[in-house]
>>> print(open('coords_20.cif').read())   # mmCIF, C-alpha atoms
data_my_file
loop_
_atom_site.label_atom_id
_atom_site.label_comp_id
_atom_site.auth_asym_id
_atom_site.auth_seq_id
_atom_site.Cartn_x
_atom_site.Cartn_y
_atom_site.Cartn_z
CA MET X 1 19.17 -80.58 -12.19
CA GLY X 2 19.32 -80.36 -15.96
CA CYS X 3 18.40 -76.68 -16.18
CA GLN X 4 20.79 -74.63 -18.33
CA ARG X 5 18.68 -71.47 -18.63
CA CYS X 6 21.46 -69.24 -17.29
CA ALA X 7 25.18 -69.26 -16.50
CA LEU X 8 24.57 -70.13 -12.83
CA ALA X 9 24.15 -73.74 -13.98
CA ASP X 10 27.87 -73.84 -14.83
CA THR X 11 29.03 -73.28 -11.27
CA ARG X 12 26.35 -74.94 -9.12
CA THR X 13 26.78 -78.07 -7.07
CA ASN X 14 23.04 -78.56 -6.52
CA VAL X 15 19.81 -76.99 -7.64
CA VAL X 16 18.18 -75.64 -4.48
CA PHE X 17 14.50 -75.88 -5.21
CA GLY X 18 12.65 -75.52 -1.91
CA LYS X 19 11.47 -77.27 1.22
CA GLY X 20 8.27 -77.58 3.18
CA PRO X 21 4.81 -79.05 3.01
CA ARG X 22 3.06 -78.82 -0.34
CA ASP X 23 -0.12 -77.54 1.29
CA ALA X 24 1.61 -74.75 3.21
CA GLY X 25 -0.45 -71.61 3.57
CA VAL X 26 2.73 -69.58 4.04
CA MET X 27 5.69 -69.22 1.70
CA PHE X 28 9.03 -67.56 2.47
CA ILE X 29 11.04 -66.48 -0.58
CA GLY X 30 14.65 -65.33 -0.60
CA GLU X 31 16.88 -64.22 -3.44
CA GLY X 32 19.15 -67.22 -4.04
CA PRO X 33 21.09 -70.00 -2.37
CA GLY X 34 24.42 -69.44 -0.66
CA GLU X 35 27.38 -71.76 -0.33
CA ASN X 36 25.90 -74.07 2.33
CA GLU X 37 22.64 -74.28 0.44
CA ASP X 38 24.45 -75.11 -2.81
CA LEU X 39 26.40 -77.88 -1.08
CA GLN X 40 23.39 -79.38 0.73
CA GLY X 41 20.70 -78.75 -1.89
CA GLU X 42 18.32 -77.18 0.63
CA PRO X 43 17.35 -73.52 1.15
CA PHE X 44 18.43 -71.50 4.19
CA VAL X 45 20.59 -74.08 5.97
CA GLY X 46 23.59 -71.86 6.76
CA ARG X 47 23.94 -69.40 9.62
CA GLY X 48 21.23 -67.14 8.22
CA GLY X 49 18.84 -70.04 7.87
CA GLN X 50 19.52 -71.17 11.41
CA LEU X 51 18.75 -67.66 12.66
CA LEU X 52 15.58 -67.59 10.56
CA ASP X 53 14.43 -70.94 11.98
CA GLU X 54 15.04 -69.69 15.53
CA MET X 55 13.10 -66.48 14.90
CA LEU X 56 10.21 -68.24 13.18
CA SER X 57 9.93 -70.78 15.99
CA LEU X 58 9.18 -67.85 18.33
CA VAL X 59 5.98 -67.24 16.36
CA GLY X 60 5.11 -70.92 16.01
CA LEU X 61 6.40 -71.57 12.50
CA SER X 62 8.44 -74.55 11.35
CA ARG X 63 9.59 -75.50 7.86
CA GLU X 64 8.81 -79.14 8.61
CA LYS X 65 5.20 -78.35 9.60
CA ASN X 66 3.70 -75.18 8.30
CA PHE X 67 5.61 -73.16 5.72
CA TYR X 68 7.40 -73.62 2.43
CA ILE X 69 10.73 -71.88 1.81
CA THR X 70 12.47 -71.24 -1.49
CA ASN X 71 14.37 -68.61 -3.48
CA ILE X 72 13.85 -66.69 -6.70
CA VAL X 73 16.92 -68.28 -8.31
CA LYS X 74 17.59 -71.94 -7.68
CA CYS X 75 21.37 -71.92 -8.20
CA ARG X 76 24.01 -70.08 -6.21
CA PRO X 77 25.32 -66.83 -7.66
CA PRO X 78 29.14 -66.72 -7.49
CA LYS X 79 30.48 -65.43 -4.16
CA ASN X 80 26.86 -65.02 -2.96
CA ARG X 81 26.39 -61.86 -5.03
CA ASP X 82 22.88 -60.62 -5.77
CA PRO X 83 21.29 -62.56 -8.63
CA LEU X 84 21.32 -60.60 -11.88
CA ASN X 85 18.01 -59.67 -13.48
CA THR X 86 18.77 -62.03 -16.36
CA GLU X 87 19.29 -64.88 -13.87
CA GLN X 88 16.07 -64.00 -12.07
CA ASP X 89 14.23 -63.86 -15.40
CA ALA X 90 15.58 -67.29 -16.36
CA CYS X 91 14.41 -68.83 -13.08
CA ILE X 92 11.21 -66.96 -12.20
CA GLY X 93 9.01 -69.44 -14.06
CA TYR X 94 9.99 -72.13 -11.56
CA LEU X 95 8.89 -69.89 -8.71
CA TRP X 96 5.56 -69.12 -10.39
CA GLU X 97 4.98 -72.87 -10.79
CA GLN X 98 5.85 -73.49 -7.13
CA MET X 99 3.41 -70.77 -6.10
CA GLU X 100 0.72 -72.21 -8.38
CA LEU X 101 1.13 -75.65 -6.79
CA ILE X 102 1.34 -74.47 -3.19
CA ARG X 103 -1.11 -71.55 -3.45
CA PRO X 104 0.13 -69.68 -0.38
CA LYS X 105 -2.16 -67.16 1.26
CA VAL X 106 0.77 -65.37 2.93
CA VAL X 107 4.04 -64.66 1.09
CA VAL X 108 7.03 -63.31 3.00
CA CYS X 109 9.92 -61.92 0.98
CA LEU X 110 13.26 -62.35 2.71
CA GLY X 111 15.17 -59.20 1.84
CA ARG X 112 14.99 -56.43 -0.71
CA ILE X 113 15.84 -58.47 -3.82
CA ALA X 114 12.83 -60.76 -3.36
CA ALA X 115 10.63 -57.80 -2.38
CA MET X 116 11.68 -55.85 -5.46
CA ARG X 117 10.86 -58.81 -7.67
CA LEU X 118 7.61 -59.89 -6.03
CA ILE X 119 6.08 -56.78 -4.44
CA LYS X 120 7.29 -53.80 -6.50
CA PRO X 121 10.48 -52.86 -8.38
CA ASP X 122 11.28 -49.82 -6.23
CA TYR X 123 10.68 -51.53 -2.88
CA ARG X 124 12.69 -49.94 -0.05
CA ILE X 125 13.25 -52.57 2.65
CA THR X 126 14.34 -50.06 5.31
CA ARG X 127 11.11 -48.05 4.88
CA GLU X 128 8.57 -50.66 3.84
CA HIS X 129 9.45 -53.86 5.72
CA GLY X 130 6.45 -55.30 7.51
CA GLN X 131 3.88 -53.51 5.33
CA TRP X 132 1.24 -55.68 3.65
CA VAL X 133 0.18 -55.72 0.00
CA GLU X 134 -2.58 -57.89 -1.42
CA LYS X 135 -1.85 -59.39 -4.85
CA ASP X 136 -3.59 -62.18 -6.72
CA GLY X 137 -5.46 -63.39 -3.65
CA ALA X 138 -2.40 -63.53 -1.37
CA PHE X 139 -0.93 -61.14 1.17
CA TYR X 140 2.72 -60.14 0.65
CA THR X 141 5.19 -58.55 3.02
CA ALA X 142 8.96 -58.37 3.35
CA ILE X 143 11.35 -58.63 6.27
CA TYR X 144 15.07 -58.12 6.49
CA HIS X 145 17.08 -60.99 5.05
CA PRO X 146 18.57 -63.18 7.80
CA ALA X 147 22.08 -62.45 6.47
CA ALA X 148 21.41 -58.73 7.00
CA LEU X 149 20.44 -59.46 10.61
CA LEU X 150 23.72 -61.33 11.12
CA ARG X 151 25.61 -58.30 9.79
CA ASP X 152 23.51 -55.75 11.68
CA PRO X 153 21.79 -57.11 14.81
CA THR X 154 20.23 -53.69 15.48
CA LYS X 155 17.60 -54.64 12.85
CA LYS X 156 16.36 -57.57 14.97
CA PRO X 157 13.73 -55.62 16.99
CA ASP X 158 12.09 -54.42 13.74
CA THR X 159 12.15 -57.99 12.44
CA PHE X 160 10.52 -59.37 15.58
CA ALA X 161 7.76 -56.77 15.22
CA ASP X 162 7.35 -57.86 11.59
CA LEU X 163 7.17 -61.51 12.68
CA ARG X 164 4.37 -60.70 15.12
CA SER X 165 2.54 -59.00 12.24
CA ILE X 166 3.09 -62.10 10.09
CA ARG X 167 1.68 -64.32 12.85
CA ALA X 168 -1.40 -62.06 13.10
CA LYS X 169 -1.92 -62.11 9.31
CA ILE X 170 -1.63 -65.91 9.24
CA ARG X 171 -4.22 -66.20 12.03
CA GLU X 172 -6.48 -63.87 10.05
CA VAL X 173 -6.28 -65.43 6.56
CA CYS X 174 -5.10 -69.03 7.07
CA PRO X 175 -5.52 -70.05 10.72
CA GLU X 176 -5.18 -73.72 9.74
CA VAL X 177 -1.41 -73.11 9.57
CA TYR X 178 -1.37 -73.14 13.37
CA GLU X 179 -3.63 -76.18 13.81
#
>>> encode(input="coords_20.cif", output="structure tokens")
Amino acid sequence: MGCQRCALADTRTNVVFGKGPRDAGVMFIGEGPGENEDLQGEPFVGRGGQLLDEMLSLVGLSREKNFYITNIVKCRPPKNRDPLNTEQDACIGYLWEQMELIRPKVVVCLGRIAAMRLIKPDYRITREHGQWVEKDGAFYTAIYHPAALLRDPTKKPDTFADLRSIRAKIREVCPEVYE
């Protein structure tokens, strides 16, 4: 709560660090908290988070049981704008530490901002969602951000196909997630 590494600290209500079991084999990473998350201090608790939980339950995943969820930046950008590179740079060390502690085998980026930061800078979510990349002993993929699915429900079929791929990858590399 004492972090002052960037200007987002001036407008936050809560630092939104993350939620889930520390030994999770799967980590979901978004870009930054929204208004509901800032107020409650927990990631993905608004409408987008509720949709995400519903979708993930269809492939047997639950934030209480078998995945950890967080964001690149831990404080809400004003008016839910994309986090600036300087804000991401100020906060990324916290994410690296979370990843070091949790050691996920499967990392799912929620949206293009997270994918651009964690997979590759020129990541194109519309073309590359659902594709797998192996980095540092973990498998990375990206799906559409839940907020994008709320705005454009026509992306849901692609996302459900991506979720089936995520379930298959989890069963391949960390089947204990489903035990």
>>> residues_around(input="coords_20.cif", residues="Ile113 (chain X)", least_positions_apart="6", cutoff="12 Å", atoms="only C-alpha atoms", output="list in words")
Ile29, Gly30, Glu31, Gly32, Asn71, Ile72, Val73, Arg81, Asp82, Pro83, Leu84, Asn85, Gln88, Ile119, Lys120, Pro121, Asp122, Tyr123, Arg124, Ile125, Ala142, Ile143, Tyr144 and His145 of chain X
>>> closest_residue(input="coords_20.cif", among="X:Gly130, X:Pro104, X:Gly48, X:Gly2", to="Met27 (chain X)", atoms="all atoms listed in the file")
X:Pro104
>>> atom_distance(input="coords_20.cif", atom1="CA of Phe67 (chain X)", atom2="CA of Gly25 (chain X)")
6.6 Å
>>> closest_atom_pairs(input="coords_20.cif", of="region 42-134 of chain X", to="region 169-175 of chain X", cutoff="12 Å", atoms="all atoms listed in the file", output="tab-separated table")
residue	atom	partner	partner_atom	distance
X:Val59	CA	X:Ile170	CA	10.5
X:Gly60	CA	X:Ile170	CA	10.8
X:Leu61	CA	X:Ile170	CA	10.4
X:Asn66	CA	X:Ile170	CA	10.7
X:Phe67	CA	X:Ile170	CA	10.8
X:Arg103	CA	X:Cys174	CA	11.5
X:Pro104	CA	X:Cys174	CA	9.1
X:Lys105	CA	X:Cys174	CA	6.8
X:Val106	CA	X:Ile170	CA	6.8
X:Val107	CA	X:Ile170	CA	10.0
X:Val108	CA	X:Ile170	CA	11.0
X:Gly130	CA	X:Lys169	CA	10.9
X:Gln131	CA	X:Lys169	CA	11.1
X:Trp132	CA	X:Lys169	CA	9.1
X:Val133	CA	X:Lys169	CA	11.5
X:Glu134	CA	X:Lys169	CA	11.5
>>> write_last_selection(input="coords_20.cif", atoms="C-alpha atoms", output="tab-separated table (two decimals), in the coordinates of the input")
chain	number	residue	atom	x	y	z
X	59	VAL	CA	5.98	-67.24	16.36
X	60	GLY	CA	5.11	-70.92	16.01
X	61	LEU	CA	6.40	-71.57	12.50
X	66	ASN	CA	3.70	-75.18	8.30
X	67	PHE	CA	5.61	-73.16	5.72
X	103	ARG	CA	-1.11	-71.55	-3.45
X	104	PRO	CA	0.13	-69.68	-0.38
X	105	LYS	CA	-2.16	-67.16	1.26
X	106	VAL	CA	0.77	-65.37	2.93
X	107	VAL	CA	4.04	-64.66	1.09
X	108	VAL	CA	7.03	-63.31	3.00
X	130	GLY	CA	6.45	-55.30	7.51
X	131	GLN	CA	3.88	-53.51	5.33
X	132	TRP	CA	1.24	-55.68	3.65
X	133	VAL	CA	0.18	-55.72	0.00
X	134	GLU	CA	-2.58	-57.89	-1.42
>>> closest_residue(input="coords_20.cif", among="X:Pro146, X:Pro157, X:Pro43, X:Pro77", to="Val16 (chain X)", atoms="only C-alpha atoms")
X:Pro43
>>> closest_residue(input="coords_20.cif", among="X:Lys74, X:Lys65, X:Arg47, X:Lys155", to="Val15 (chain X)", atoms="all atoms listed in the file")
X:Lys74
>>> closest_residue(input="coords_20.cif", among="X:Thr70, X:Thr126, X:Gln98, X:Thr154", to="Phe28 (chain X)", atoms="only C-alpha atoms")
X:Thr70
>>> resolve_selection(input="coords_20.cif", expression="the PyMOL selection byres ((chain X and resi 50-56) around 10)", output="number ranges by chain")
X: 44-49, 57-63, 110, 145-147, 149-150, 156, 159-160, 163-164, 166-167
>>> closest_residue(input="coords_20.cif", among="X:Asp38, X:Ile69, X:Arg22, X:Glu87", to="Leu8 (chain X)", atoms="all atoms listed in the file")
X:Glu87
>>> atom_distance(input="coords_20.cif", atom1="CA of Gln40 (chain X)", atom2="CA of Gly18 (chain X)")
11.7 Å
>>> atom_distance(input="coords_20.cif", atom1="CA of Glu37 (chain X)", atom2="CA of Thr11 (chain X)")
13.4 Å
>>> resolve_selection(input="coords_20.cif", expression="the PyMOL selection byres ((chain X and resi 5) around 12)", output="list in words")
Met1, Gly2, Cys3, Gln4, Cys6, Ala7, Leu8, Ala9, Asp10, Val73, Lys74, Cys75, Thr86, Glu87, Gln88, Asp89, Ala90, Cys91, Ile92, Gly93 and Tyr94 of chain X
>>> axis_aligned_box(input="coords_20.cif", around="region 104-109 of chain X", padding_each_side="8 Å", output="AutoDock Vina command-line options")
--center_x 3.9 --center_y -65.8 --center_z 1.3 --size_x 28.1 --size_y 23.8 --size_z 19.4
>>> closest_residue(input="coords_20.cif", among="X:Glu35, X:Asp23, X:Asp136, X:Glu42", to="Pro78 (chain X)", atoms="all atoms listed in the file")
X:Glu35
>>> decode(input="coords_20.cif", residues="region 32-51 of chain X", atoms="N, CA, C and O atoms", output="PDB file, in the first residue's frame")
ATOM      1  N   GLY X  32      -4.601  -4.070 -15.773  1.00  0.00           N
ATOM      2  CA  GLY X  32      -4.686  -3.246 -14.573  1.00  0.00           C
ATOM      3  C   GLY X  32      -6.088  -3.280 -14.006  1.00  0.00           C
ATOM      4  O   GLY X  32      -7.041  -3.632 -14.705  1.00  0.00           O
ATOM      5  N   PRO X  33      -6.214  -2.919 -12.744  1.00  0.00           N
ATOM      6  CA  PRO X  33      -7.536  -2.941 -12.109  1.00  0.00           C
ATOM      7  C   PRO X  33      -8.460  -1.852 -12.634  1.00  0.00           C
ATOM      8  O   PRO X  33      -8.013  -0.792 -13.062  1.00  0.00           O
ATOM      9  N   GLY X  34      -9.748  -2.146 -12.606  1.00  0.00           N
ATOM     10  CA  GLY X  34     -10.774  -1.167 -12.933  1.00  0.00           C
ATOM     11  C   GLY X  34     -11.367  -0.578 -11.667  1.00  0.00           C
ATOM     12  O   GLY X  34     -10.843  -0.770 -10.562  1.00  0.00           O
ATOM     13  N   GLU X  35     -12.478   0.106 -11.816  1.00  0.00           N
ATOM     14  CA  GLU X  35     -13.090   0.792 -10.679  1.00  0.00           C
ATOM     15  C   GLU X  35     -13.509  -0.163  -9.569  1.00  0.00           C
ATOM     16  O   GLU X  35     -13.201   0.059  -8.396  1.00  0.00           O
ATOM     17  N   ASN X  36     -14.223  -1.236  -9.903  1.00  0.00           N
ATOM     18  CA  ASN X  36     -14.656  -2.191  -8.877  1.00  0.00           C
ATOM     19  C   ASN X  36     -13.474  -2.833  -8.171  1.00  0.00           C
ATOM     20  O   ASN X  36     -13.498  -3.045  -6.957  1.00  0.00           O
ATOM     21  N   GLU X  37     -12.452  -3.157  -8.939  1.00  0.00           N
ATOM     22  CA  GLU X  37     -11.265  -3.771  -8.372  1.00  0.00           C
ATOM     23  C   GLU X  37     -10.563  -2.811  -7.422  1.00  0.00           C
ATOM     24  O   GLU X  37     -10.137  -3.204  -6.326  1.00  0.00           O
ATOM     25  N   ASP X  38     -10.465  -1.546  -7.816  1.00  0.00           N
ATOM     26  CA  ASP X  38      -9.847  -0.524  -6.970  1.00  0.00           C
ATOM     27  C   ASP X  38     -10.614  -0.373  -5.656  1.00  0.00           C
ATOM     28  O   ASP X  38     -10.023  -0.256  -4.584  1.00  0.00           O
ATOM     29  N   LEU X  39     -11.929  -0.398  -5.735  1.00  0.00           N
ATOM     30  CA  LEU X  39     -12.750  -0.243  -4.528  1.00  0.00           C
ATOM     31  C   LEU X  39     -12.661  -1.459  -3.606  1.00  0.00           C
ATOM     32  O   LEU X  39     -12.635  -1.328  -2.385  1.00  0.00           O
ATOM     33  N   GLN X  40     -12.608  -2.669  -4.203  1.00  0.00           N
ATOM     34  CA  GLN X  40     -12.630  -3.892  -3.397  1.00  0.00           C
ATOM     35  C   GLN X  40     -11.246  -4.458  -3.098  1.00  0.00           C
ATOM     36  O   GLN X  40     -11.101  -5.328  -2.233  1.00  0.00           O
ATOM     37  N   GLY X  41     -10.232  -4.003  -3.823  1.00  0.00           N
ATOM     38  CA  GLY X  41      -8.874  -4.486  -3.579  1.00  0.00           C
ATOM     39  C   GLY X  41      -8.616  -5.895  -4.088  1.00  0.00           C
ATOM     40  O   GLY X  41      -7.686  -6.565  -3.626  1.00  0.00           O
ATOM     41  N   GLU X  42      -9.408  -6.344  -5.054  1.00  0.00           N
ATOM     42  CA  GLU X  42      -9.278  -7.693  -5.586  1.00  0.00           C
ATOM     43  C   GLU X  42      -9.397  -7.643  -7.108  1.00  0.00           C
ATOM     44  O   GLU X  42     -10.223  -6.903  -7.639  1.00  0.00           O
ATOM     45  N   PRO X  43      -8.589  -8.448  -7.836  1.00  0.00           N
ATOM     46  CA  PRO X  43      -8.629  -8.384  -9.295  1.00  0.00           C
ATOM     47  C   PRO X  43      -9.863  -9.045  -9.896  1.00  0.00           C
ATOM     48  O   PRO X  43     -10.370 -10.037  -9.381  1.00  0.00           O
ATOM     49  N   PHE X  44     -10.340  -8.469 -10.983  1.00  0.00           N
ATOM     50  CA  PHE X  44     -11.414  -9.040 -11.800  1.00  0.00           C
ATOM     51  C   PHE X  44     -12.651  -9.394 -10.984  1.00  0.00           C
ATOM     52  O   PHE X  44     -13.110 -10.538 -10.980  1.00  0.00           O
ATOM     53  N   VAL X  45     -13.222  -8.383 -10.324  1.00  0.00           N
ATOM     54  CA  VAL X  45     -14.450  -8.594  -9.553  1.00  0.00           C
ATOM     55  C   VAL X  45     -15.653  -7.865 -10.151  1.00  0.00           C
ATOM     56  O   VAL X  45     -16.768  -8.058  -9.703  1.00  0.00           O
ATOM     57  N   GLY X  46     -15.442  -7.076 -11.179  1.00  0.00           N
ATOM     58  CA  GLY X  46     -16.544  -6.377 -11.845  1.00  0.00           C
ATOM     59  C   GLY X  46     -17.228  -7.288 -12.848  1.00  0.00           C
ATOM     60  O   GLY X  46     -17.088  -8.518 -12.812  1.00  0.00           O
ATOM     61  N   ARG X  47     -17.961  -6.686 -13.768  1.00  0.00           N
ATOM     62  CA  ARG X  47     -18.700  -7.469 -14.769  1.00  0.00           C
ATOM     63  C   ARG X  47     -17.781  -8.356 -15.604  1.00  0.00           C
ATOM     64  O   ARG X  47     -18.097  -9.503 -15.887  1.00  0.00           O
ATOM     65  N   GLY X  48     -16.638  -7.824 -16.000  1.00  0.00           N
ATOM     66  CA  GLY X  48     -15.688  -8.610 -16.776  1.00  0.00           C
ATOM     67  C   GLY X  48     -15.159  -9.794 -15.989  1.00  0.00           C
ATOM     68  O   GLY X  48     -15.017 -10.899 -16.518  1.00  0.00           O
ATOM     69  N   GLY X  49     -14.870  -9.585 -14.736  1.00  0.00           N
ATOM     70  CA  GLY X  49     -14.392 -10.666 -13.874  1.00  0.00           C
ATOM     71  C   GLY X  49     -15.446 -11.734 -13.656  1.00  0.00           C
ATOM     72  O   GLY X  49     -15.139 -12.931 -13.615  1.00  0.00           O
ATOM     73  N   GLN X  50     -16.693 -11.305 -13.529  1.00  0.00           N
ATOM     74  CA  GLN X  50     -17.775 -12.277 -13.374  1.00  0.00           C
ATOM     75  C   GLN X  50     -17.906 -13.126 -14.632  1.00  0.00           C
ATOM     76  O   GLN X  50     -18.084 -14.349 -14.557  1.00  0.00           O
ATOM     77  N   LEU X  51     -17.809 -12.492 -15.805  1.00  0.00           N
ATOM     78  CA  LEU X  51     -17.852 -13.236 -17.056  1.00  0.00           C
ATOM     79  C   LEU X  51     -16.669 -14.199 -17.134  1.00  0.00           C
ATOM     80  O   LEU X  51     -16.830 -15.372 -17.513  1.00  0.00           O
TER      81      LEU X  51
END
